[in-house]
file run-v8.cif (mmCIF, C-alpha atoms and all ligand atoms)
data_run
loop_
_atom_site.label_atom_id
_atom_site.label_comp_id
_atom_site.auth_asym_id
_atom_site.auth_seq_id
_atom_site.Cartn_x
_atom_site.Cartn_y
_atom_site.Cartn_z
CA MET A 819 7.74 15.81 -2.50
CA ASN A 820 6.67 12.79 -0.49
CA LEU A 821 6.24 9.32 -2.00
CA HIS A 822 2.46 9.63 -2.26
CA ASP A 823 2.62 12.89 -4.20
CA GLU A 824 5.37 11.61 -6.44
CA ALA A 825 3.34 8.50 -7.26
CA ALA A 826 0.28 10.66 -7.96
CA LYS A 827 2.35 12.84 -10.29
CA VAL A 828 3.46 9.81 -12.31
CA LEU A 829 -0.05 8.42 -12.65
CA LEU A 830 -1.70 11.72 -13.48
CA GLY A 831 1.11 12.59 -15.91
CA ASN A 832 0.50 9.34 -17.81
CA TRP A 833 -3.27 9.92 -18.07
CA ARG A 834 -4.39 10.40 -21.69
CA GLY A 835 -8.02 11.50 -21.30
CA HIS A 836 -9.68 8.06 -21.18
CA ASN A 837 -6.86 5.81 -20.04
CA THR A 838 -3.33 5.77 -18.68
CA ILE A 839 -0.26 4.74 -20.68
CA PRO A 840 2.19 2.34 -18.94
CA ALA A 841 5.10 4.77 -19.42
CA PRO A 842 6.02 7.66 -21.69
CA GLY A 843 8.17 6.78 -24.72
CA LEU A 844 8.40 3.00 -24.53
CA TYR A 845 4.66 2.27 -24.13
CA PRO A 846 2.48 4.98 -25.76
CA HIS A 847 -0.85 3.04 -25.87
CA GLN A 848 -3.21 1.29 -23.43
CA TRP A 849 -2.13 -2.14 -22.17
CA SER A 850 -4.68 -4.54 -20.74
CA TRP A 851 -3.31 -5.78 -17.43
CA ASP A 852 -1.46 -2.50 -16.85
CA SER A 853 -4.84 -0.74 -16.90
CA ALA A 854 -6.17 -3.10 -14.23
CA PHE A 855 -3.26 -2.40 -11.86
CA ILE A 856 -3.40 1.29 -12.72
CA ALA A 857 -7.12 1.42 -11.86
CA ILE A 858 -6.36 -0.13 -8.46
CA GLY A 859 -4.03 2.80 -7.67
CA LEU A 860 -5.96 5.50 -9.50
CA ARG A 861 -9.11 4.79 -7.46
CA HIS A 862 -7.38 6.50 -4.52
CA LEU A 863 -6.89 9.70 -6.56
CA SER A 864 -10.05 9.67 -8.69
CA PRO A 865 -12.57 6.83 -8.47
CA LEU A 866 -14.21 8.22 -11.60
CA ARG A 867 -11.02 8.06 -13.65
CA ALA A 868 -10.36 4.56 -12.36
CA GLN A 869 -13.80 3.51 -13.61
CA ARG A 870 -13.09 5.13 -16.98
CA GLU A 871 -9.74 3.34 -17.21
CA LEU A 872 -11.50 -0.03 -17.19
CA GLU A 873 -14.43 1.16 -19.29
CA SER A 874 -12.14 2.37 -22.07
CA LEU A 875 -10.32 -0.97 -22.14
CA PHE A 876 -13.56 -2.95 -22.28
CA GLY A 877 -14.82 -0.57 -24.97
CA ALA A 878 -12.28 -2.28 -27.25
CA GLN A 879 -13.38 -5.82 -26.33
CA TRP A 880 -13.88 -8.11 -29.34
CA ALA A 881 -17.22 -9.72 -30.22
CA ASP A 882 -15.85 -13.12 -29.11
CA GLY A 883 -15.19 -11.71 -25.62
CA ARG A 884 -11.42 -11.35 -25.82
CA VAL A 885 -9.91 -8.25 -24.26
CA PRO A 886 -6.94 -7.26 -26.42
CA HIS A 887 -3.55 -6.77 -24.81
CA ILE A 888 -3.05 -3.36 -26.48
CA VAL A 889 -5.62 -0.74 -27.46
CA PHE A 890 -3.87 1.67 -29.82
CA ASP A 891 -4.23 5.38 -29.25
CA PRO A 892 -5.22 6.89 -32.62
CA SER A 893 -3.52 10.16 -31.66
CA ALA A 894 -0.12 8.51 -30.98
CA PRO A 895 2.27 8.09 -33.95
CA ARG A 896 1.21 4.97 -35.92
CA GLU A 897 4.77 3.75 -36.23
CA GLY A 898 5.81 4.64 -32.67
CA TYR A 899 5.43 1.14 -31.26
CA PHE A 900 6.25 -2.21 -32.84
CA PRO A 901 4.18 -4.27 -33.49
CA GLY A 902 1.62 -1.54 -34.10
CA PRO A 903 -1.87 -1.45 -35.67
CA ASP A 904 -0.53 -2.10 -39.18
CA PHE A 905 0.93 -5.37 -37.96
CA TRP A 906 -2.09 -6.67 -36.05
CA ARG A 907 -4.73 -5.56 -38.61
CA SER A 908 -7.56 -6.01 -36.11
CA GLU A 909 -9.92 -4.12 -38.44
CA GLN A 910 -9.98 -7.23 -40.64
CA VAL A 911 -11.84 -9.00 -37.83
CA ASN A 912 -13.69 -6.14 -36.14
CA GLY A 913 -14.40 -3.73 -38.99
CA PRO A 914 -13.29 -0.13 -39.34
CA MET A 915 -15.50 1.34 -36.57
CA HIS A 916 -13.80 -0.64 -33.81
CA ALA A 917 -10.67 0.62 -32.04
CA ASP A 918 -7.35 -0.64 -33.43
CA THR A 919 -6.03 -3.32 -31.11
CA SER A 920 -3.65 -6.25 -30.91
CA GLY A 921 -5.20 -9.73 -31.19
CA ILE A 922 -3.63 -11.47 -28.20
CA VAL A 923 -4.62 -11.11 -24.53
CA GLN A 924 -3.02 -10.58 -21.12
CA PRO A 925 -3.69 -12.08 -17.66
CA PRO A 926 -7.31 -11.63 -16.49
CA VAL A 927 -6.89 -9.41 -13.45
CA HIS A 928 -9.71 -7.06 -14.51
CA ALA A 929 -12.65 -8.31 -12.44
CA LEU A 930 -10.49 -8.10 -9.35
CA ALA A 931 -9.65 -4.50 -10.30
CA ALA A 932 -13.29 -3.68 -11.07
CA TRP A 933 -14.36 -4.77 -7.61
CA GLU A 934 -11.58 -2.78 -5.93
CA VAL A 935 -12.50 0.29 -7.98
CA PHE A 936 -16.16 -0.11 -7.01
CA THR A 937 -15.34 -0.24 -3.29
CA ALA A 938 -13.45 3.08 -3.49
CA ASP A 939 -16.69 4.97 -4.21
CA PRO A 940 -19.78 2.76 -4.38
CA GLU A 941 -22.11 5.74 -4.64
CA THR A 942 -20.60 7.17 -7.83
CA ALA A 943 -20.22 3.66 -9.25
CA ARG A 944 -23.91 2.89 -8.62
CA ARG A 945 -25.04 6.21 -10.03
CA ARG A 946 -23.03 5.58 -13.21
CA GLY A 947 -24.05 1.94 -13.50
CA PHE A 948 -20.35 1.04 -13.49
CA LEU A 949 -20.73 -2.59 -12.43
CA GLU A 950 -24.01 -3.08 -14.30
CA ARG A 951 -22.26 -2.20 -17.53
CA LEU A 952 -18.98 -3.97 -16.82
CA TYR A 953 -20.31 -7.23 -15.37
CA PRO A 954 -21.62 -8.75 -18.65
CA ARG A 955 -18.38 -7.77 -20.37
CA LEU A 956 -16.28 -9.39 -17.66
CA VAL A 957 -18.42 -12.53 -17.88
CA SER A 958 -17.92 -12.67 -21.63
CA TRP A 959 -14.14 -12.11 -21.24
CA HIS A 960 -13.85 -15.06 -18.88
CA GLY A 961 -16.18 -17.02 -21.17
CA TYR A 962 -13.79 -16.48 -24.09
CA LEU A 963 -10.88 -17.83 -22.04
CA ARG A 964 -12.82 -20.83 -20.82
CA ARG A 965 -14.38 -21.67 -24.17
CA SER A 966 -11.67 -20.85 -26.70
CA ARG A 967 -8.48 -21.28 -24.73
CA ASP A 968 -8.80 -24.69 -23.13
CA LEU A 969 -6.43 -25.93 -25.82
CA GLY A 970 -5.12 -28.80 -23.70
CA GLY A 971 -8.64 -29.98 -22.82
CA ARG A 972 -7.76 -30.13 -19.11
CA GLY A 973 -9.96 -27.31 -17.85
CA LEU A 974 -7.13 -24.76 -17.78
CA VAL A 975 -6.56 -21.70 -19.96
CA SER A 976 -3.64 -21.81 -22.40
CA ILE A 977 -1.72 -18.73 -23.38
CA VAL A 978 -0.63 -18.77 -27.03
CA HIS A 979 2.16 -16.21 -26.96
CA PRO A 980 4.81 -15.27 -24.37
CA TRP A 981 3.41 -11.71 -24.42
CA GLU A 982 0.13 -13.16 -23.14
CA SER A 983 1.85 -14.27 -19.96
CA GLY A 984 2.76 -10.66 -19.16
CA MET A 985 6.26 -12.06 -18.56
CA ASP A 986 7.56 -11.94 -22.12
CA ASN A 987 11.06 -13.40 -21.89
CA SER A 988 10.69 -15.56 -18.78
CA PRO A 989 13.03 -18.59 -18.90
CA SER A 990 9.81 -20.67 -18.71
CA TRP A 991 9.32 -20.01 -22.42
CA ASP A 992 12.86 -20.93 -23.56
CA VAL A 993 12.07 -24.57 -24.33
CA PRO A 994 8.68 -24.18 -26.07
CA LEU A 995 10.07 -21.22 -28.06
CA GLN A 996 12.85 -23.35 -29.50
CA ARG A 997 10.30 -24.93 -31.83
CA VAL A 998 9.50 -21.53 -33.33
CA GLU A 999 11.49 -20.31 -36.34
CA PRO A 1000 12.44 -16.67 -35.60
CA VAL A 1001 11.64 -14.01 -38.19
CA PRO A 1002 15.07 -12.56 -39.13
CA ALA A 1003 15.87 -9.36 -37.18
CA GLY A 1004 16.24 -7.37 -40.43
CA GLU A 1005 12.57 -7.90 -41.30
CA PHE A 1006 11.16 -5.77 -38.48
CA ARG A 1007 12.22 -2.67 -36.62
CA ARG A 1008 12.33 -2.83 -32.83
CA ARG A 1009 11.14 0.47 -31.43
CA ASP A 1010 11.67 -0.61 -27.79
CA LEU A 1011 15.46 -0.33 -28.13
CA GLU A 1012 15.08 3.38 -28.90
CA HIS A 1013 13.81 3.82 -25.33
CA ALA A 1014 15.56 1.17 -23.23
CA ASP A 1015 18.96 -0.45 -22.83
CA ALA A 1016 19.33 -3.61 -24.95
CA SER A 1017 20.86 -5.46 -21.96
CA GLU A 1018 17.58 -4.97 -20.05
CA ARG A 1019 15.27 -6.13 -22.88
CA PRO A 1020 14.54 -9.41 -24.70
CA THR A 1021 17.08 -10.40 -27.37
CA ASP A 1022 16.53 -10.10 -31.15
CA VAL A 1023 16.07 -13.88 -31.45
CA ASP A 1024 13.32 -13.74 -28.78
CA TYR A 1025 11.68 -10.89 -30.67
CA GLY A 1026 11.89 -12.76 -33.98
CA ARG A 1027 10.01 -15.65 -32.41
CA TYR A 1028 7.39 -13.34 -30.86
CA VAL A 1029 6.81 -11.80 -34.28
CA ARG A 1030 6.49 -15.23 -35.96
CA LEU A 1031 3.87 -16.44 -33.45
CA ALA A 1032 1.82 -13.25 -33.62
CA ALA A 1033 1.90 -13.14 -37.45
CA THR A 1034 0.76 -16.77 -37.69
CA TYR A 1035 -2.17 -16.12 -35.35
CA ARG A 1036 -3.13 -13.02 -37.36
CA ASP A 1037 -2.85 -14.86 -40.67
CA HIS A 1038 -5.34 -17.45 -39.37
CA GLY A 1039 -7.88 -14.75 -38.51
CA TYR A 1040 -7.05 -15.09 -34.78
CA ALA A 1041 -8.61 -18.56 -34.71
CA ASP A 1042 -7.98 -20.52 -31.51
CA ARG A 1043 -7.07 -24.01 -32.65
CA LEU A 1044 -4.12 -26.00 -31.43
CA ASP A 1045 -2.86 -26.50 -34.99
CA VAL A 1046 -2.65 -22.71 -35.42
CA HIS A 1047 -0.66 -22.20 -32.23
CA GLU A 1048 2.90 -23.49 -32.18
CA PHE A 1049 3.09 -22.17 -28.63
CA ALA A 1050 0.45 -23.17 -26.06
CA ALA A 1051 1.08 -23.15 -22.31
CA GLU A 1052 -1.21 -23.55 -19.32
CA ASP A 1053 0.27 -20.78 -17.22
CA PRO A 1054 -0.27 -20.75 -13.43
CA LEU A 1055 -0.39 -16.95 -13.23
CA THR A 1056 -3.14 -16.64 -15.86
CA ASN A 1057 -5.21 -19.43 -14.33
CA ALA A 1058 -4.72 -18.20 -10.76
CA LEU A 1059 -5.75 -14.67 -11.71
CA LEU A 1060 -8.79 -16.07 -13.48
CA ALA A 1061 -9.78 -17.83 -10.25
CA ALA A 1062 -9.20 -14.68 -8.17
CA SER A 1063 -11.21 -12.69 -10.71
CA GLU A 1064 -14.06 -15.23 -10.59
CA ASP A 1065 -14.06 -14.70 -6.83
CA ALA A 1066 -14.41 -10.95 -7.50
CA LEU A 1067 -17.21 -11.68 -10.00
CA ALA A 1068 -19.08 -13.49 -7.21
CA ARG A 1069 -18.92 -10.29 -5.14
CA ILE A 1070 -19.97 -8.18 -8.12
CA ALA A 1071 -22.89 -10.51 -8.86
CA ARG A 1072 -24.04 -10.24 -5.24
CA GLU A 1073 -23.87 -6.44 -5.37
CA LEU A 1074 -26.01 -6.50 -8.52
CA GLY A 1075 -28.57 -8.90 -7.04
CA GLU A 1076 -27.43 -11.75 -9.33
CA SER A 1077 -26.46 -15.22 -8.22
CA PRO A 1078 -22.82 -15.57 -7.16
CA GLN A 1079 -23.05 -19.36 -7.44
CA PRO A 1080 -21.67 -19.90 -10.98
CA HIS A 1081 -18.63 -17.84 -10.06
CA GLU A 1082 -18.09 -19.63 -6.77
CA GLU A 1083 -18.25 -22.95 -8.60
CA GLU A 1084 -15.73 -21.67 -11.10
CA VAL A 1085 -13.30 -20.69 -8.33
CA ALA A 1086 -13.54 -24.21 -6.88
CA ARG A 1087 -13.12 -25.84 -10.30
CA LEU A 1088 -10.04 -23.76 -11.17
CA ARG A 1089 -8.53 -24.36 -7.73
CA ASP A 1090 -8.74 -28.10 -8.38
CA ALA A 1091 -7.50 -27.86 -11.97
CA LEU A 1092 -4.50 -25.79 -10.85
CA SER A 1093 -3.20 -28.78 -8.91
CA LEU A 1094 -2.25 -30.29 -12.31
CA LEU A 1095 0.46 -27.61 -12.45
CA HIS A 1096 1.85 -28.19 -8.97
CA ALA A 1097 5.23 -29.87 -8.31
CA ASP A 1098 8.34 -29.26 -6.15
CA GLY A 1099 6.76 -26.62 -3.90
CA LEU A 1100 5.74 -24.42 -6.83
CA PHE A 1101 3.31 -24.22 -9.76
CA HIS A 1102 4.67 -24.57 -13.30
CA SER A 1103 3.42 -23.99 -16.80
CA PHE A 1104 2.34 -27.02 -18.80
CA ASP A 1105 3.66 -27.16 -22.36
CA VAL A 1106 0.62 -28.42 -24.28
CA HIS A 1107 2.54 -29.54 -27.40
CA GLY A 1108 5.36 -31.11 -25.40
CA GLY A 1109 2.89 -32.75 -23.00
CA SER A 1110 4.90 -31.95 -19.87
CA LEU A 1111 5.40 -29.41 -17.11
CA ILE A 1112 8.04 -26.74 -17.77
CA ARG A 1113 9.84 -27.23 -14.47
CA GLY A 1114 11.77 -24.13 -13.52
CA GLY A 1115 11.62 -21.23 -11.14
CA SER A 1116 9.35 -18.52 -12.50
CA VAL A 1117 7.68 -16.33 -9.88
CA ALA A 1118 4.44 -17.01 -11.81
CA GLY A 1119 4.47 -20.26 -9.84
CA LEU A 1120 3.93 -18.39 -6.55
CA VAL A 1121 1.02 -16.30 -7.84
CA PRO A 1122 -1.61 -18.99 -7.05
CA LEU A 1123 -1.36 -17.52 -3.53
CA VAL A 1124 -4.07 -15.11 -4.78
CA VAL A 1125 -6.54 -18.01 -5.05
CA PRO A 1126 -8.84 -18.14 -2.00
CA GLY A 1127 -8.57 -21.39 -0.05
CA LEU A 1128 -5.58 -22.67 -2.03
CA PRO A 1129 -4.57 -25.97 -0.37
CA GLN A 1130 -0.89 -25.57 -1.36
CA ALA A 1131 -0.56 -22.08 0.20
CA GLN A 1132 1.83 -23.08 2.99
CA GLU A 1133 4.15 -24.83 0.54
CA LEU A 1134 4.26 -21.66 -1.55
CA VAL A 1135 5.11 -19.59 1.52
CA ASP A 1136 7.97 -21.99 2.27
CA THR A 1137 9.28 -21.73 -1.30
CA ALA A 1138 8.92 -17.94 -1.32
CA THR A 1139 10.99 -17.60 1.85
CA GLY A 1140 13.50 -20.32 0.92
CA PRO A 1141 16.79 -19.84 -0.99
CA ARG A 1142 15.10 -19.71 -4.39
CA PHE A 1143 13.21 -16.44 -3.79
CA ARG A 1144 14.19 -15.07 -0.32
CA VAL A 1145 11.24 -12.68 -0.39
CA ASP A 1146 11.27 -12.17 3.39
CA GLU A 1147 14.85 -10.91 3.28
CA LEU A 1148 14.62 -8.93 0.02
CA GLY A 1149 11.14 -7.48 0.57
CA LEU A 1150 10.60 -8.04 -3.16
CA ALA A 1151 9.90 -11.06 -5.30
CA PRO A 1152 12.56 -11.85 -7.93
CA SER A 1153 10.93 -12.88 -11.20
CA TYR A 1154 13.11 -15.98 -11.37
CA ASP A 1155 14.79 -18.44 -9.00
CA LEU A 1156 17.90 -16.75 -7.56
CA THR A 1157 19.78 -20.06 -7.41
CA ASP A 1158 19.20 -20.99 -11.06
CA PRO A 1159 22.01 -20.32 -13.58
CA LEU A 1160 19.38 -18.69 -15.82
CA PHE A 1161 18.73 -15.98 -13.20
CA ASP A 1162 19.74 -12.55 -14.57
CA PRO A 1163 19.16 -9.60 -12.21
CA SER A 1164 18.79 -7.04 -15.01
CA ARG A 1165 17.03 -8.63 -17.93
CA TYR A 1166 13.31 -8.01 -17.80
CA TRP A 1167 11.44 -11.16 -16.64
CA ARG A 1168 14.56 -13.30 -16.12
CA GLY A 1169 15.27 -12.11 -12.58
CA PRO A 1170 14.34 -8.48 -11.83
CA ALA A 1171 11.60 -7.79 -9.28
CA TRP A 1172 8.35 -6.24 -10.54
CA PHE A 1173 5.95 -4.29 -8.38
CA ASN A 1174 2.70 -5.73 -9.73
CA ILE A 1175 3.79 -9.30 -8.98
CA THR A 1176 5.12 -8.43 -5.54
CA TRP A 1177 1.81 -6.63 -4.86
CA LEU A 1178 -0.19 -9.72 -5.89
CA LEU A 1179 1.91 -11.91 -3.59
CA GLN A 1180 1.50 -9.44 -0.74
CA ARG A 1181 -2.25 -9.55 -1.22
CA GLY A 1182 -2.34 -13.35 -1.43
CA LEU A 1183 -0.19 -13.69 1.68
CA THR A 1184 -2.57 -11.43 3.61
CA ASP A 1185 -5.54 -13.53 2.48
CA HIS A 1186 -3.81 -16.67 3.70
CA GLY A 1187 -2.95 -15.11 7.09
CA ALA A 1188 0.82 -14.71 6.45
CA ASN A 1189 0.61 -11.13 7.70
CA GLU A 1190 4.19 -10.64 8.78
CA LEU A 1191 5.54 -11.71 5.42
CA ALA A 1192 2.96 -9.54 3.65
CA ARG A 1193 4.19 -6.57 5.73
CA ALA A 1194 7.79 -7.31 4.74
CA LEU A 1195 6.80 -7.13 1.06
CA ARG A 1196 4.89 -3.91 1.58
CA GLY A 1197 7.94 -2.37 3.28
CA GLY A 1198 10.24 -3.69 0.55
CA MET A 1199 8.15 -2.19 -2.25
CA LEU A 1200 7.90 1.22 -0.58
CA GLU A 1201 11.60 1.28 0.14
CA ALA A 1202 12.51 0.24 -3.43
CA ALA A 1203 10.24 2.95 -4.86
CA SER A 1204 11.72 5.61 -2.53
CA ARG A 1205 15.23 4.60 -3.51
CA SER A 1206 14.84 4.05 -7.24
CA GLY A 1207 11.77 6.04 -8.24
CA PHE A 1208 8.93 4.54 -10.19
CA ARG A 1209 10.96 2.27 -12.42
CA GLU A 1210 9.56 -0.59 -14.48
CA TYR A 1211 11.56 -3.21 -12.54
CA VAL A 1212 14.48 -3.37 -10.13
CA ASP A 1213 17.45 -5.59 -9.35
CA PRO A 1214 15.91 -7.73 -6.60
CA ARG A 1215 19.15 -7.85 -4.60
CA THR A 1216 19.96 -4.12 -4.56
CA ALA A 1217 16.62 -2.50 -5.59
CA GLU A 1218 18.57 -0.59 -8.25
CA GLY A 1219 16.08 0.67 -10.86
CA ARG A 1220 15.92 -0.79 -14.38
CA GLY A 1221 13.82 -0.37 -17.54
CA ALA A 1222 11.38 2.49 -18.10
CA HIS A 1223 11.05 5.52 -15.81
CA HIS A 1224 7.70 6.97 -14.60
CA PHE A 1225 6.14 3.52 -14.84
CA SER A 1226 2.43 3.66 -14.10
CA TRP A 1227 1.72 0.37 -12.34
CA THR A 1228 4.72 0.88 -10.04
CA ALA A 1229 3.19 4.22 -8.99
CA ALA A 1230 -0.30 2.68 -8.76
CA VAL A 1231 0.80 -0.16 -6.51
CA VAL A 1232 2.72 2.25 -4.26
CA LEU A 1233 -0.35 4.47 -3.92
CA ASP A 1234 -2.45 1.46 -3.01
CA LEU A 1235 0.06 0.42 -0.34
CA LEU A 1236 0.20 3.89 1.16
CA ILE A 1237 -3.55 4.26 1.63
C1 LIG B 1 5.48 -5.17 -24.62
C2 LIG B 1 3.39 -2.78 -20.78
C3 LIG B 1 3.85 -4.21 -20.99
C4 LIG B 1 3.43 -5.12 -19.82
C5 LIG B 1 4.10 -6.49 -19.93
C6 LIG B 1 5.58 -6.31 -20.08
C7 LIG B 1 5.85 -5.44 -21.29
C8 LIG B 1 6.19 -5.80 -23.56
O1 LIG B 1 5.26 -4.18 -21.15
O2 LIG B 1 5.38 -6.06 -22.43
O3 LIG B 1 6.21 -4.48 -25.39
O4 LIG B 1 4.27 -5.35 -24.74
O5 LIG B 1 6.23 -7.54 -20.19
O6 LIG B 1 3.79 -7.27 -18.80
O7 LIG B 1 2.07 -5.26 -19.81
O8 LIG B 1 3.81 -2.30 -19.54
#
call {"tool": "encode", "arguments": {"input": "run-v8.cif", "output": "C-alpha cells", "more": "lines below"}}
Ligand code: 9YW
result
Amino acid sequence: MNLHDEAAKVLLGNWRGHNTIPAPGLYPHQWSWDSAFIAIGLRHLSPLRAQRELESLFGAQWADGRVPHIVFDPSAPREGYFPGPDFWRSEQVNGPMHADTSGIVQPPVHALAAWEVFTADPETARRRGFLERLYPRLVSWHGYLRRSRDLGGRGLVSIVHPWESGMDNSPSWDVPLQRVEPVPAGEFRRRDLEHADASERPTDVDYGRYVRLAATYRDHGYADRLDVHEFAAEDPLTNALLAASEDALARIARELGESPQPHEEEVARLRDALSLLHADGLFHSFDVHGGSLIRGGSVAGLVPLVVPGLPQAQELVDTATGPRFRVDELGLAPSYDLTDPLFDPSRYWRGPAWFNITWLLQRGLTDHGANELARALRGGMLEAASRSGFREYVDPRTAEGRGAHHFSWTAAVVLDLLI
C-alpha cells in the first residue's frame, strides 16, 4: 500500500460515526485539537465527514463558550480512560442532557480547520449551512478565551492546566508545577500505562499534579479566577493559534457576508500582545503567579510563525535552523531544545518530534516566504511517516517511532501534505 492509502486506512479506521478517535486503545474518545487536525486531513477523503468532525465537537460546547478538551463517547467503557466522565462531572454544570466532557480546553486551532474544511468542498458546505452554523460557535469559543482567560490582565489567554497546552509534560511547566502538591499515585489509576511504555509517558508525580489541578478546578465549578488556579500561563502556542484562527474567522465572516473587521483587529491586537512573550529569538510562556517569563526551549515558542505578518518571523527562522532545533537538517521539529540538558528524545513533549507541530511550522514558514525550509519539513514528515508508520511522535534525530500506533493526526497531516 502506498503512503496515501495507509494514511487513509488509519483515519477511516479511527472514525466512530460522528468523530475520529486520536488512536485506538490509549485515546478512546474525541479530543478537541486532535479533531481540528483530523478534519484538515479528512477533508481530502470526505469533506462531509470533516464537517461532521467539527460539528460533533462543537455540539458539546458549554454555555459559556468553552470547547472541552475531551468529549466522552458514551459507548466506550466508562472506566477506559483516566480521568474519565466520573472525574470531571461535567453534568453538574451542564445538566444531564449535555454530552459528558472534561472541563478544561485545548489550543484554539478550530476556526483555522473550519476554513480549510470549507475550501475542500464549498458547495456541500454551503448547502449544509456548515459555516453559518459553526461561525457563531467559533466566535463564542474565542469570546470565552478572551473574556474568562485573560487571568494576567495583559490581553493574552492563560492556560490553567498543562493538558490545556496540548504539550502536557513540556519542561516549560516544570517550575510552575513545583508549587502544586501532587495527589499520591495510589489515589488514582493511570490507564495510559496499560497502552504505552512508561518511559515514553509523563511520570507519576507529573500525573499527581495534573490530577490535583483538574480536581481543584472542578471543585470550584470550573470558575475562572486566578485564586482558583494555582497554575496559569500565557502560552505562545495558544495565543498564536488564537490569532491564526481569528484570521480564519475574518475569511469565514467575509464568506458569510459579515464584517471581517473585528477579527482583523483581533489579529493585530494579539500580534502586538504576543511581543510580551518574546525574548532570546523565541517566544516563551509567562508564569502569571511567578510574574516572569519561563525561559526555556519549548517548540511552542516557534509556533507564532503561524501568525500573519509576525514581525519576529525572521528571528524564529534563525532559531529554528540554529543548533537548538536544527529543523532544516532533521526535517522535523523537536519539541524541546536539543542542546538543553532537559532534552529527552523519547519522553512525550520533552524532545520527540510531533507531526501536528511540524505541520504548523511548515505552514507558517510558507506564509512567511521561507519556502525552501517549508519543503524540507514536508519531506521530513513524509519520510518519517514512511519509515515509522503513523506513530504519535518520533525521536527527532532518528525518526524512530514512539508512543501510540495508528495515530490519527499523524495520518491526517500526511494526507494533507500529499494532496
Ligand atoms: C491526554 C490526544 C491527546 C493530545 C495531547 C497529548 C495527549 C494526553 O494526547 O494528551 O491523555 O489527554 O499531549 O496534545 O491532544 O491525542
call {"tool": "closest_residue", "arguments": {"input": "run-v8.cif", "among": "A:Phe1208, A:Trp1167, A:Phe1143, A:Trp933", "to": "ligand LIG 1 (chain B)", "atoms": "all atoms listed in the file"}}
result
A:Trp1167
call {"tool": "residues_near_point", "arguments": {"input": "run-v8.cif", "point": "(14.7, -15.2, -15.0)", "cutoff": "7 Å", "atoms": "all atoms listed in the file", "output": "short mmCIF file (atom, residue, chain, number, x, y, z; two decimals) with C-alpha atoms, in the frame of the given file"}}
result
data_model
loop_
_atom_site.label_atom_id
_atom_site.label_comp_id
_atom_site.auth_asym_id
_atom_site.auth_seq_id
_atom_site.Cartn_x
_atom_site.Cartn_y
_atom_site.Cartn_z
CA SER A 988 10.69 -15.56 -18.78
CA PRO A 989 13.03 -18.59 -18.90
CA SER A 1116 9.35 -18.52 -12.50
CA SER A 1153 10.93 -12.88 -11.20
CA TYR A 1154 13.11 -15.98 -11.37
CA ASP A 1155 14.79 -18.44 -9.00
CA LEU A 1160 19.38 -18.69 -15.82
CA PHE A 1161 18.73 -15.98 -13.20
CA ASP A 1162 19.74 -12.55 -14.57
CA TRP A 1167 11.44 -11.16 -16.64
CA ARG A 1168 14.56 -13.30 -16.12
CA GLY A 1169 15.27 -12.11 -12.58
#
call {"tool": "residues_around", "arguments": {"input": "run-v8.cif", "residues": "stretch 1120-1129 of chain A", "least_positions_apart": "2", "cutoff": "8 Å", "atoms": "all atoms listed in the file", "output": "short mmCIF file (atom, residue, chain, number, x, y, z; two decimals) with C-alpha atoms, in the coordinates of the input"}}
result
data_model
loop_
_atom_site.label_atom_id
_atom_site.label_comp_id
_atom_site.auth_asym_id
_atom_site.auth_seq_id
_atom_site.Cartn_x
_atom_site.Cartn_y
_atom_site.Cartn_z
CA PRO A 1054 -0.27 -20.75 -13.43
CA LEU A 1055 -0.39 -16.95 -13.23
CA ALA A 1058 -4.72 -18.20 -10.76
CA LEU A 1059 -5.75 -14.67 -11.71
CA ALA A 1061 -9.78 -17.83 -10.25
CA ALA A 1062 -9.20 -14.68 -8.17
CA ASP A 1065 -14.06 -14.70 -6.83
CA VAL A 1085 -13.30 -20.69 -8.33
CA ARG A 1089 -8.53 -24.36 -7.73
CA LEU A 1100 5.74 -24.42 -6.83
CA PHE A 1101 3.31 -24.22 -9.76
CA VAL A 1117 7.68 -16.33 -9.88
CA ALA A 1118 4.44 -17.01 -11.81
CA ALA A 1131 -0.56 -22.08 0.20
CA GLN A 1132 1.83 -23.08 2.99
CA LEU A 1134 4.26 -21.66 -1.55
CA ALA A 1138 8.92 -17.94 -1.32
CA ILE A 1175 3.79 -9.30 -8.98
CA LEU A 1178 -0.19 -9.72 -5.89
CA LEU A 1179 1.91 -11.91 -3.59
CA ARG A 1181 -2.25 -9.55 -1.22
CA GLY A 1182 -2.34 -13.35 -1.43
CA LEU A 1183 -0.19 -13.69 1.68
CA ASP A 1185 -5.54 -13.53 2.48
CA HIS A 1186 -3.81 -16.67 3.70
#
call {"tool": "atom_distance", "arguments": {"input": "run-v8.cif", "atom1": "atom CA of A:Val911", "atom2": "atom CA of A:Gly1039"}}
result
7.0 Å
call {"tool": "residues_near_ligand", "arguments": {"input": "run-v8.cif", "ligand": "ligand LIG 1 (chain B)", "cutoff": "6 Å", "atoms": "all atoms listed in the file", "output": "list in words"}}
result
Pro840, Trp849, Trp851, Asp852, Gly984, Met985 and Asp986 of chain A
call {"tool": "write_last_selection", "arguments": {"input": "run-v8.cif", "atoms": "C-alpha atoms", "output": "PDB file, in the frame of the given file"}}
result
ATOM      1  CA  PRO A 840       2.190   2.340 -18.940  1.00  0.00           C
ATOM      2  CA  TRP A 849      -2.130  -2.140 -22.170  1.00  0.00           C
ATOM      3  CA  TRP A 851      -3.310  -5.780 -17.430  1.00  0.00           C
ATOM      4  CA  ASP A 852      -1.460  -2.500 -16.850  1.00  0.00           C
ATOM      5  CA  GLY A 984       2.760 -10.660 -19.160  1.00  0.00           C
ATOM      6  CA  MET A 985       6.260 -12.060 -18.560  1.00  0.00           C
ATOM      7  CA  ASP A 986       7.560 -11.940 -22.120  1.00  0.00           C
TER       8      ASP A 986
END
